[in-house]
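Source file: protein.txt. Holds: compact mmCIF, C-alpha atoms.
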# COMPACT_ATOMS: atom_id res chain seq x y z
CA MET A 92 -29.35 220.86 5.86
CA THR A 93 -29.41 219.85 9.50
CA SER A 94 -30.88 222.98 11.09
CA LEU A 95 -34.02 225.07 10.77
CA LYS A 96 -32.26 228.22 11.97
CA ASP A 97 -33.92 231.34 10.55
CA LYS A 98 -36.52 229.24 8.71
CA THR A 99 -40.14 230.35 9.07
CA LEU A 100 -42.75 227.72 9.91
CA PHE A 101 -46.51 228.25 9.68
CA ILE A 102 -48.04 225.58 11.95
CA THR A 103 -51.77 225.07 12.41
CA GLY A 104 -53.01 223.89 15.79
CA ALA A 105 -49.66 224.54 17.44
CA SER A 106 -50.94 225.70 20.81
CA ARG A 107 -50.50 222.22 22.32
CA GLY A 108 -49.68 218.58 21.66
CA ILE A 109 -47.91 217.42 18.52
CA GLY A 110 -48.07 220.82 16.83
CA LEU A 111 -46.35 222.46 19.80
CA ALA A 112 -43.73 219.68 19.94
CA ILE A 113 -42.87 220.34 16.27
CA ALA A 114 -42.68 224.05 17.00
CA LEU A 115 -40.42 223.59 20.03
CA ARG A 116 -38.00 221.34 18.14
CA ALA A 117 -37.71 223.95 15.41
CA ALA A 118 -37.38 226.69 18.02
CA ARG A 119 -34.30 225.01 19.48
CA ASP A 120 -32.63 225.62 16.10
CA GLY A 121 -33.61 229.30 16.18
CA ALA A 122 -36.57 229.11 13.78
CA ASN A 123 -39.42 231.59 13.37
CA ILE A 124 -42.80 230.05 14.13
CA ALA A 125 -46.30 231.29 13.45
CA ILE A 126 -48.73 229.58 15.81
CA ALA A 127 -52.00 229.56 13.88
CA ALA A 128 -54.77 228.32 16.17
CA LYS A 129 -58.07 229.32 17.75
CA THR A 130 -57.22 228.94 21.41
CA THR A 131 -56.77 232.32 23.05
CA GLU A 132 -58.28 231.50 26.46
CA PRO A 133 -57.43 228.50 28.67
CA HIS A 134 -59.74 225.51 28.28
CA PRO A 135 -60.75 223.48 31.36
CA LYS A 136 -59.67 220.19 29.75
CA LEU A 137 -57.06 221.34 27.24
CA LYS A 138 -53.76 222.85 28.29
CA GLY A 139 -52.27 225.70 26.29
CA THR A 140 -53.15 228.77 24.24
CA ILE A 141 -51.40 230.46 21.32
CA TYR A 142 -49.85 232.81 23.87
CA THR A 143 -48.49 230.16 26.24
CA ALA A 144 -47.14 228.33 23.19
CA ALA A 145 -45.40 231.53 22.06
CA ASP A 146 -43.79 231.86 25.50
CA GLU A 147 -42.49 228.27 25.30
CA ILE A 148 -41.14 228.84 21.78
CA LEU A 149 -39.31 231.97 22.88
CA ALA A 150 -37.87 230.15 25.89
CA ALA A 151 -36.64 227.37 23.60
CA GLY A 152 -34.71 229.84 21.44
CA GLY A 153 -37.11 230.59 18.60
CA ASN A 154 -39.13 233.57 17.46
CA ALA A 155 -42.89 233.30 17.85
CA LEU A 156 -45.91 234.92 16.27
CA PRO A 157 -49.22 233.90 17.87
CA VAL A 158 -51.98 234.29 15.27
CA VAL A 159 -55.67 233.74 15.96
CA CYS A 160 -56.88 231.61 13.06
CA ASP A 161 -59.82 229.30 12.42
CA ILE A 162 -58.60 227.35 9.40
CA ARG A 163 -62.20 226.86 8.23
CA ASP A 164 -62.40 230.60 7.54
CA GLU A 165 -60.76 231.62 4.26
CA ALA A 166 -60.33 235.27 5.23
CA GLN A 167 -58.68 234.32 8.54
CA VAL A 168 -56.27 231.93 6.79
CA ILE A 169 -55.24 234.55 4.24
CA ALA A 170 -54.81 237.17 6.97
CA ALA A 171 -52.73 234.81 9.16
CA ILE A 172 -50.41 233.94 6.28
CA ASP A 173 -50.07 237.61 5.28
CA LYS A 174 -49.25 238.53 8.88
CA THR A 175 -46.58 235.80 9.03
CA VAL A 176 -44.97 236.99 5.81
CA ALA A 177 -45.04 240.60 7.02
CA GLU A 178 -43.42 239.59 10.33
CA PHE A 179 -40.75 237.17 9.09
CA GLY A 180 -40.32 237.99 5.39
CA GLY A 181 -41.69 234.75 3.95
CA ILE A 182 -42.68 231.16 4.70
CA ASP A 183 -40.34 228.18 4.33
CA ILE A 184 -42.46 225.43 5.86
CA CYS A 185 -46.19 224.79 6.21
CA VAL A 186 -47.24 222.20 8.81
CA ASN A 187 -50.88 221.11 8.65
CA ASN A 188 -51.38 219.76 12.14
CA ALA A 189 -54.83 221.04 13.15
CA SER A 190 -57.39 218.25 13.27
CA ALA A 191 -60.79 217.30 14.67
CA ILE A 192 -61.74 213.80 15.77
CA SER A 193 -64.90 211.82 16.49
CA LEU A 194 -64.57 208.04 16.56
CA THR A 195 -68.24 207.38 15.91
CA ASN A 196 -70.17 205.29 13.40
CA SER A 197 -72.63 206.75 10.92
CA GLN A 198 -75.58 206.78 13.33
CA ALA A 199 -73.62 208.38 16.15
CA THR A 200 -72.03 211.09 13.98
CA ASP A 201 -74.16 214.19 13.76
CA MET A 202 -73.74 216.27 10.62
CA LYS A 203 -72.38 219.26 12.51
CA ARG A 204 -69.49 217.09 13.70
CA PHE A 205 -69.07 215.64 10.19
CA ASP A 206 -68.79 219.16 8.79
CA LEU A 207 -66.31 220.13 11.52
CA MET A 208 -63.98 217.23 10.69
CA MET A 209 -64.18 217.75 6.94
CA GLY A 210 -63.84 221.52 7.37
CA ILE A 211 -60.73 221.34 9.54
CA ASN A 212 -58.99 218.17 8.42
CA THR A 213 -59.54 218.04 4.68
CA ARG A 214 -60.71 221.50 3.58
CA GLY A 215 -58.54 223.34 6.10
CA THR A 216 -55.43 221.43 5.07
CA PHE A 217 -56.10 222.10 1.40
CA MET A 218 -56.79 225.79 1.98
CA VAL A 219 -53.81 226.50 4.25
CA SER A 220 -51.54 224.72 1.77
CA LYS A 221 -53.08 226.59 -1.17
CA TYR A 222 -52.38 230.01 0.31
CA CYS A 223 -48.90 229.09 1.58
CA ILE A 224 -47.73 227.71 -1.78
CA PRO A 225 -46.99 231.06 -3.50
CA HIS A 226 -44.68 231.93 -0.60
CA LEU A 227 -43.15 228.46 -0.41
CA LYS A 228 -42.19 228.64 -4.08
CA LYS A 229 -39.87 231.54 -3.16
CA ALA A 230 -38.14 229.61 -0.35
CA ALA A 231 -34.79 227.83 -0.55
CA ASN A 232 -35.90 224.43 0.76
CA PRO A 233 -39.70 224.52 1.02
CA HIS A 234 -41.76 221.83 2.70
CA ILE A 235 -45.42 221.10 3.37
CA LEU A 236 -46.01 218.48 6.05
CA MET A 237 -49.39 216.93 6.84
CA LEU A 238 -50.01 215.15 10.14
CA SER A 239 -51.96 212.44 8.39
CA PRO A 240 -51.79 208.67 7.86
CA PRO A 241 -50.70 206.34 5.08
CA LEU A 242 -53.53 205.67 2.62
CA ASP A 243 -54.19 202.09 3.70
CA MET A 244 -57.59 201.47 2.11
CA LYS A 245 -58.88 198.76 4.41
CA ALA A 246 -62.48 198.50 5.61
CA LYS A 247 -61.32 198.16 9.22
CA TRP A 248 -60.16 201.79 9.26
CA PHE A 249 -63.56 202.99 8.02
CA GLU A 250 -66.20 200.74 9.53
CA HIS A 251 -66.17 202.17 13.07
CA SER A 252 -65.51 205.82 12.19
CA THR A 253 -66.27 206.47 8.52
CA ALA A 254 -66.49 210.25 8.79
CA TYR A 255 -63.23 210.68 10.74
CA THR A 256 -61.33 208.34 8.43
CA MET A 257 -62.62 210.16 5.36
CA ALA A 258 -61.49 213.46 6.83
CA LYS A 259 -58.00 212.23 7.78
CA PHE A 260 -57.49 210.39 4.51
CA GLY A 261 -58.55 213.62 2.79
CA MET A 262 -55.44 215.21 4.28
CA SER A 263 -53.34 212.36 2.91
CA MET A 264 -54.93 212.73 -0.51
CA CYS A 265 -53.70 216.32 -0.45
CA VAL A 266 -50.19 214.86 -0.06
CA LEU A 267 -50.66 212.68 -3.13
CA GLY A 268 -52.00 215.50 -5.25
CA LEU A 269 -49.87 218.40 -4.11
CA SER A 270 -46.61 216.42 -4.16
CA GLY A 271 -47.23 215.70 -7.83
CA GLU A 272 -48.35 219.24 -8.59
CA LEU A 273 -45.39 220.87 -6.84
CA ARG A 274 -42.60 218.42 -7.66
CA SER A 275 -41.25 220.47 -10.55
CA ALA A 276 -41.36 223.62 -8.40
CA GLY A 277 -39.17 221.95 -5.77
CA VAL A 278 -41.74 222.09 -2.96
CA ALA A 279 -41.74 218.90 -0.90
CA VAL A 280 -45.09 217.57 0.33
CA ASN A 281 -45.08 214.69 2.82
CA ALA A 282 -47.16 213.09 5.56
CA LEU A 283 -46.07 212.07 9.05
CA TRP A 284 -47.96 209.68 11.32
CA PRO A 285 -47.13 208.06 14.68
CA ARG A 286 -46.74 204.32 15.03
CA THR A 287 -48.13 204.45 18.56
CA THR A 288 -50.68 206.55 20.35
CA ILE A 289 -49.19 209.87 21.46
CA ALA A 290 -49.75 211.30 24.94
CA THR A 291 -51.92 214.27 24.00
CA ALA A 292 -55.19 215.64 25.32
CA ALA A 293 -57.10 213.79 22.58
CA VAL A 294 -55.78 210.45 23.82
CA GLY A 295 -56.29 211.29 27.48
CA ASN A 296 -59.77 212.78 27.12
CA LEU A 297 -61.29 210.82 24.22
CA LEU A 298 -59.61 207.48 23.74
CA GLY A 299 -58.47 205.76 26.88
CA GLY A 300 -57.66 208.04 29.78
CA ASP A 301 -54.64 207.40 31.96
CA ALA A 302 -54.18 203.78 30.84
CA MET A 303 -53.86 204.77 27.18
CA MET A 304 -51.60 207.68 28.08
CA ARG A 305 -49.17 205.31 29.82
CA ALA A 306 -49.18 203.06 26.73
CA SER A 307 -48.19 206.02 24.55
CA ARG A 308 -45.11 207.85 23.43
CA THR A 309 -44.56 211.53 24.14
CA PRO A 310 -45.18 214.21 21.48
CA GLU A 311 -41.42 214.78 21.30
CA ILE A 312 -41.02 211.79 18.98
CA MET A 313 -43.21 213.55 16.44
CA GLY A 314 -41.29 216.80 16.90
CA ASP A 315 -38.00 215.02 16.25
CA ALA A 316 -39.40 213.07 13.28
CA ALA A 317 -40.84 216.22 11.73
CA HIS A 318 -37.48 217.94 12.14
CA ALA A 319 -35.78 215.05 10.34
CA ILE A 320 -38.19 215.40 7.41
CA LEU A 321 -38.13 219.20 7.23
CA THR A 322 -34.33 219.31 7.03
CA LYS A 323 -34.22 216.93 4.05
CA PRO A 324 -33.65 218.30 0.52
CA ALA A 325 -37.10 219.24 -0.76
CA ARG A 326 -36.38 218.16 -4.33
CA GLU A 327 -35.27 214.69 -3.22
CA PHE A 328 -37.77 213.82 -0.47
CA THR A 329 -41.41 214.29 -1.41
CA GLY A 330 -44.64 212.34 -1.77
CA ARG A 331 -43.78 210.13 1.21
CA PHE A 332 -46.06 208.73 3.92
CA CYS A 333 -43.72 208.56 6.89
CA ILE A 334 -44.04 206.75 10.23
CA ASP A 335 -42.28 208.56 13.09
CA ASP A 336 -39.91 205.89 14.40
CA LYS A 337 -38.90 204.71 10.91
CA VAL A 338 -37.94 208.27 9.95
CA LEU A 339 -35.84 208.56 13.09
CA TYR A 340 -34.30 205.10 12.68
CA ASP A 341 -33.24 206.05 9.15
CA SER A 342 -31.73 209.22 10.66
CA GLY A 343 -29.60 207.21 13.07
CA VAL A 344 -31.79 207.09 16.20
CA ARG A 345 -31.61 203.79 18.08
CA ASP A 346 -32.97 204.64 21.54
CA PHE A 347 -36.76 204.87 21.36
CA ASP A 348 -37.37 204.13 25.04
CA ARG A 349 -36.75 207.79 25.88
CA TYR A 350 -40.00 208.65 24.14
CA ARG A 351 -42.13 206.26 26.22
CA VAL A 352 -44.45 207.69 28.85
CA ASP A 353 -44.14 204.52 30.94
CA PRO A 354 -41.45 202.00 29.90
CA GLU A 355 -43.22 199.31 31.95
CA VAL A 356 -46.40 199.47 29.85
CA ALA A 357 -46.62 197.94 26.37
CA LEU A 358 -46.97 200.49 23.59
CA MET A 359 -50.35 200.76 21.83
CA SER A 360 -50.54 201.01 18.05
CA ASP A 361 -52.19 204.11 16.63
CA PHE A 362 -54.99 204.07 14.08
CA PHE A 363 -54.16 203.65 10.39
CA VAL A 364 -50.72 202.03 10.74
CA PRO A 365 -50.70 199.35 8.00
CA ASP A 366 -50.44 195.76 9.22
CA ASP A 367 -47.41 195.15 7.00
CA ASP A 368 -45.47 198.16 8.29
CA VAL A 369 -42.58 196.66 10.26
CA PRO A 370 -41.31 198.69 13.24
CA PRO A 371 -37.60 199.34 13.79
CA PRO A 372 -35.56 196.59 15.47
CA GLY A 373 -36.36 196.26 19.17
CA VAL A 374 -39.69 198.10 18.97
CA THR A 375 -42.77 196.09 19.96
CA VAL A 376 -46.27 197.49 19.70
CA GLN A 377 -49.56 195.88 20.71
CA PRO A 378 -52.34 196.02 18.11
CA LEU A 379 -55.44 198.13 18.42
CA PRO A 380 -58.61 196.48 19.77
CA SER A 381 -60.71 194.79 17.09
CA ASP A 382 -63.12 197.73 17.03
CA GLY A 383 -60.26 200.09 16.25
CA GLY A 384 -60.63 201.67 19.67
CA ALA A 385 -63.89 203.29 18.61
CA SER A 386 -65.67 202.10 21.76
CA LYS A 387 -63.39 204.34 23.79
CA SER A 388 -65.21 207.40 22.48
CA ARG A 389 -68.68 206.21 23.50

Could I get this file's structure written as structure tokens?
Amino acid sequence: MTSLKDKTLFITGASRGIGLAIALRAARDGANIAIAAKTTEPHPKLKGTIYTAADEILAAGGNALPVVCDIRDEAQVIAAIDKTVAEFGGIDICVNNASAISLTNSQATDMKRFDLMMGINTRGTFMVSKYCIPHLKKAANPHILMLSPPLDMKAKWFEHSTAYTMAKFGMSMCVLGLSGELRSAGVAVNALWPRTTIATAAVGNLLGGDAMMRASRTPEIMGDAAHAILTKPAREFTGRFCIDDKVLYDSGVRDFDRYRVDPEVALMSDFFVPDDDVPPPGVTVQPLPSDGGASKSR
């Protein structure tokens, strides 16, 4: 399969950033996309709502269903999935993209923020997947995709931001568990993570401002990488922890410069990319600062 035409995607947090990029790539194939997110009114620092995302998806050639959904709320998740099935007749793909971040150590992480990250990243991912699975089992080539990192259990990923790392790795643990649980049912469960920082509001507002944005790749690389994964045979490609440019290189892509925000600025590695993960030929990435970039959030 090389196209997502007529496939139905349920994407959390798809009003902007990586989630929207995945939606727009699928829309170009003629896919149906449920945009499950909280943002209904414009935010002063964050571009995009579920309604502006729906307009972009329609313009790109897809069908869009904007659904107000806080993935911490079980009733809202069930209602959003039911509405998607009623609108499009089923669900072929579940993309767990919604995430909360706070790059703070134990003393700087208040428990409300801890609960937010665990509630959205780990619990929300588990719950959205749980309620999509009965519908996915009826689909022809069903996929669950988590926007979460490889499980590289090194202290350096935890020591500056224990709570955030726990919450993100919780998403990846869902990949481990659900891929095993659903293998015999033919439902693929995989993770996708960027090698470099991605030019999103989180990077611009929280991590490093304009300088970090210029050292980043655009969200389109994640949209293209997700498309490459979601068009693979579900029974043959599951339980993988994928890095964006390696997925695309394996799919035949050789020009990665087109994804760079500023070709004159060296690319910055993202969190959680294992030290022994070798980038594709010709790709050079500078390592994260020794504190994992956590000081950027202070």

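For the pair atom CA of A:Asp353 and atom CA of A:Asp243, the separation is 29.1 Å.
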
Quiz item: Which residue gives the smallest distance to A:Cys160 among A:Ala177, A:Ile126, A:Val186, A:Ala258, with only C-alpha atoms counted?
Solution: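 The closest residue to A:Cys160 is A:Ile126.
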
Self-check item: Of the listed residues A:Arg286, A:Ser239, A:Thr322, A:Thr195, that which approaches A:Asp366 most closely, counting all atoms listed in the file
Solution: A:Arg286

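Considering the residues A:Glu311, A:Glu165, A:Asp206, A:Glu132 and counting all atoms listed in the file, A:Asp348 has its shortest atom-to-atom contact with A:Glu311.
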
Exercise. Would you kindly return, as a ChimeraX atom specification, each protein, DNA or RNA residue with an atom no farther than 9 Å from any atom of A:Ala319, considering all atoms listed in the file and excluding same-chain residues fewer than 6 positions away?
Key: /A:93,338-339,342

Could you write stretch 240-251 of chain A as an mmCIF file, in the frame of the given file, with all heavy atoms rebuilt where they are missing?
data_model
loop_
_atom_site.group_PDB
_atom_site.id
_atom_site.type_symbol
_atom_site.label_atom_id
_atom_site.label_comp_id
_atom_site.auth_asym_id
_atom_site.auth_seq_id
_atom_site.Cartn_x
_atom_site.Cartn_y
_atom_site.Cartn_z
ATOM 1 N N PRO A 240 -52.254 210.050 7.941
ATOM 2 C CA PRO A 240 -51.790 208.670 7.860
ATOM 3 C C PRO A 240 -51.508 208.167 6.454
ATOM 4 O O PRO A 240 -51.939 208.776 5.460
ATOM 5 C CB PRO A 240 -52.967 207.891 8.463
ATOM 6 C CG PRO A 240 -54.163 208.705 8.090
ATOM 7 C CD PRO A 240 -53.716 210.143 8.137
ATOM 8 N N PRO A 241 -50.821 207.026 6.365
ATOM 9 C CA PRO A 241 -50.700 206.340 5.080
ATOM 10 C C PRO A 241 -52.086 205.989 4.542
ATOM 11 O O PRO A 241 -53.005 205.718 5.318
ATOM 12 C CB PRO A 241 -49.901 205.072 5.424
ATOM 13 C CG PRO A 241 -49.255 205.349 6.737
ATOM 14 C CD PRO A 241 -50.156 206.278 7.464
ATOM 15 N N LEU A 242 -52.232 205.990 3.233
ATOM 16 C CA LEU A 242 -53.530 205.670 2.620
ATOM 17 C C LEU A 242 -53.666 204.150 2.505
ATOM 18 O O LEU A 242 -53.475 203.558 1.448
ATOM 19 C CB LEU A 242 -53.648 206.353 1.257
ATOM 20 C CG LEU A 242 -53.880 207.861 1.325
ATOM 21 C CD1 LEU A 242 -53.685 208.501 -0.046
ATOM 22 C CD2 LEU A 242 -55.275 208.173 1.870
ATOM 23 N N ASP A 243 -54.013 203.545 3.624
ATOM 24 C CA ASP A 243 -54.190 202.090 3.700
ATOM 25 C C ASP A 243 -55.687 201.803 3.591
ATOM 26 O O ASP A 243 -56.420 201.839 4.580
ATOM 27 C CB ASP A 243 -53.629 201.599 5.043
ATOM 28 C CG ASP A 243 -53.615 200.081 5.153
ATOM 29 O OD1 ASP A 243 -53.252 199.415 4.169
ATOM 30 O OD2 ASP A 243 -53.975 199.577 6.233
ATOM 31 N N MET A 244 -56.155 201.551 2.384
ATOM 32 C CA MET A 244 -57.590 201.470 2.110
ATOM 33 C C MET A 244 -58.185 200.129 2.535
ATOM 34 O O MET A 244 -58.536 199.285 1.711
ATOM 35 C CB MET A 244 -57.858 201.741 0.630
ATOM 36 C CG MET A 244 -57.542 203.156 0.220
ATOM 37 S SD MET A 244 -58.640 204.352 1.020
ATOM 38 C CE MET A 244 -58.045 205.880 0.307
ATOM 39 N N LYS A 245 -58.297 199.967 3.849
ATOM 40 C CA LYS A 245 -58.880 198.760 4.410
ATOM 41 C C LYS A 245 -60.188 199.111 5.119
ATOM 42 O O LYS A 245 -60.282 200.148 5.791
ATOM 43 C CB LYS A 245 -57.930 198.119 5.428
ATOM 44 C CG LYS A 245 -56.568 197.734 4.865
ATOM 45 C CD LYS A 245 -56.680 196.542 3.937
ATOM 46 C CE LYS A 245 -55.302 195.924 3.660
ATOM 47 N NZ LYS A 245 -54.335 196.845 3.053
ATOM 48 N N ALA A 246 -61.162 198.235 4.998
ATOM 49 C CA ALA A 246 -62.480 198.500 5.610
ATOM 50 C C ALA A 246 -62.375 198.721 7.116
ATOM 51 O O ALA A 246 -63.154 199.495 7.686
ATOM 52 C CB ALA A 246 -63.436 197.348 5.308
ATOM 53 N N LYS A 247 -61.400 198.062 7.759
ATOM 54 C CA LYS A 247 -61.320 198.160 9.220
ATOM 55 C C LYS A 247 -61.044 199.577 9.703
ATOM 56 O O LYS A 247 -61.382 199.927 10.826
ATOM 57 C CB LYS A 247 -60.258 197.206 9.772
ATOM 58 C CG LYS A 247 -58.817 197.585 9.477
ATOM 59 C CD LYS A 247 -57.872 196.624 10.198
ATOM 60 C CE LYS A 247 -56.418 197.026 10.039
ATOM 61 N NZ LYS A 247 -55.538 196.173 10.861
ATOM 62 N N TRP A 248 -60.424 200.409 8.858
ATOM 63 C CA TRP A 248 -60.160 201.790 9.260
ATOM 64 C C TRP A 248 -61.401 202.666 9.104
ATOM 65 O O TRP A 248 -61.470 203.746 9.668
ATOM 66 C CB TRP A 248 -59.024 202.393 8.441
ATOM 67 C CG TRP A 248 -57.736 201.653 8.529
ATOM 68 C CD1 TRP A 248 -56.962 201.213 7.481
ATOM 69 C CD2 TRP A 248 -57.017 201.267 9.708
ATOM 70 N NE1 TRP A 248 -55.839 200.579 7.943
ATOM 71 C CE2 TRP A 248 -55.847 200.594 9.307
ATOM 72 C CE3 TRP A 248 -57.267 201.420 11.084
ATOM 73 C CZ2 TRP A 248 -54.926 200.082 10.217
ATOM 74 C CZ3 TRP A 248 -56.350 200.895 11.986
ATOM 75 C CH2 TRP A 248 -55.200 200.245 11.559
ATOM 76 N N PHE A 249 -62.368 202.194 8.316
ATOM 77 C CA PHE A 249 -63.560 202.990 8.020
ATOM 78 C C PHE A 249 -64.791 202.556 8.816
ATOM 79 O O PHE A 249 -65.636 203.376 9.156
ATOM 80 C CB PHE A 249 -63.906 202.894 6.528
ATOM 81 C CG PHE A 249 -62.952 203.610 5.620
ATOM 82 C CD1 PHE A 249 -61.780 202.997 5.202
ATOM 83 C CD2 PHE A 249 -63.222 204.891 5.171
ATOM 84 C CE1 PHE A 249 -60.897 203.653 4.350
ATOM 85 C CE2 PHE A 249 -62.348 205.557 4.321
ATOM 86 C CZ PHE A 249 -61.178 204.937 3.912
ATOM 87 N N GLU A 250 -64.909 201.265 9.085
ATOM 88 C CA GLU A 250 -66.200 200.740 9.530
ATOM 89 C C GLU A 250 -66.677 201.284 10.872
ATOM 90 O O GLU A 250 -67.876 201.362 11.118
ATOM 91 C CB GLU A 250 -66.167 199.215 9.557
ATOM 92 C CG GLU A 250 -65.130 198.621 10.505
ATOM 93 C CD GLU A 250 -65.108 197.100 10.404
ATOM 94 O OE1 GLU A 250 -66.182 196.514 10.188
ATOM 95 O OE2 GLU A 250 -64.020 196.500 10.543
ATOM 96 N N HIS A 251 -65.760 201.661 11.754
ATOM 97 C CA HIS A 251 -66.170 202.170 13.070
ATOM 98 C C HIS A 251 -66.201 203.693 13.134
ATOM 99 O O HIS A 251 -66.731 204.248 14.100
ATOM 100 C CB HIS A 251 -65.234 201.630 14.149
ATOM 101 C CG HIS A 251 -65.189 200.141 14.214
ATOM 102 N ND1 HIS A 251 -66.259 199.384 14.636
ATOM 103 C CD2 HIS A 251 -64.199 199.257 13.884
ATOM 104 C CE1 HIS A 251 -65.934 198.098 14.573
ATOM 105 N NE2 HIS A 251 -64.692 198.001 14.123
#
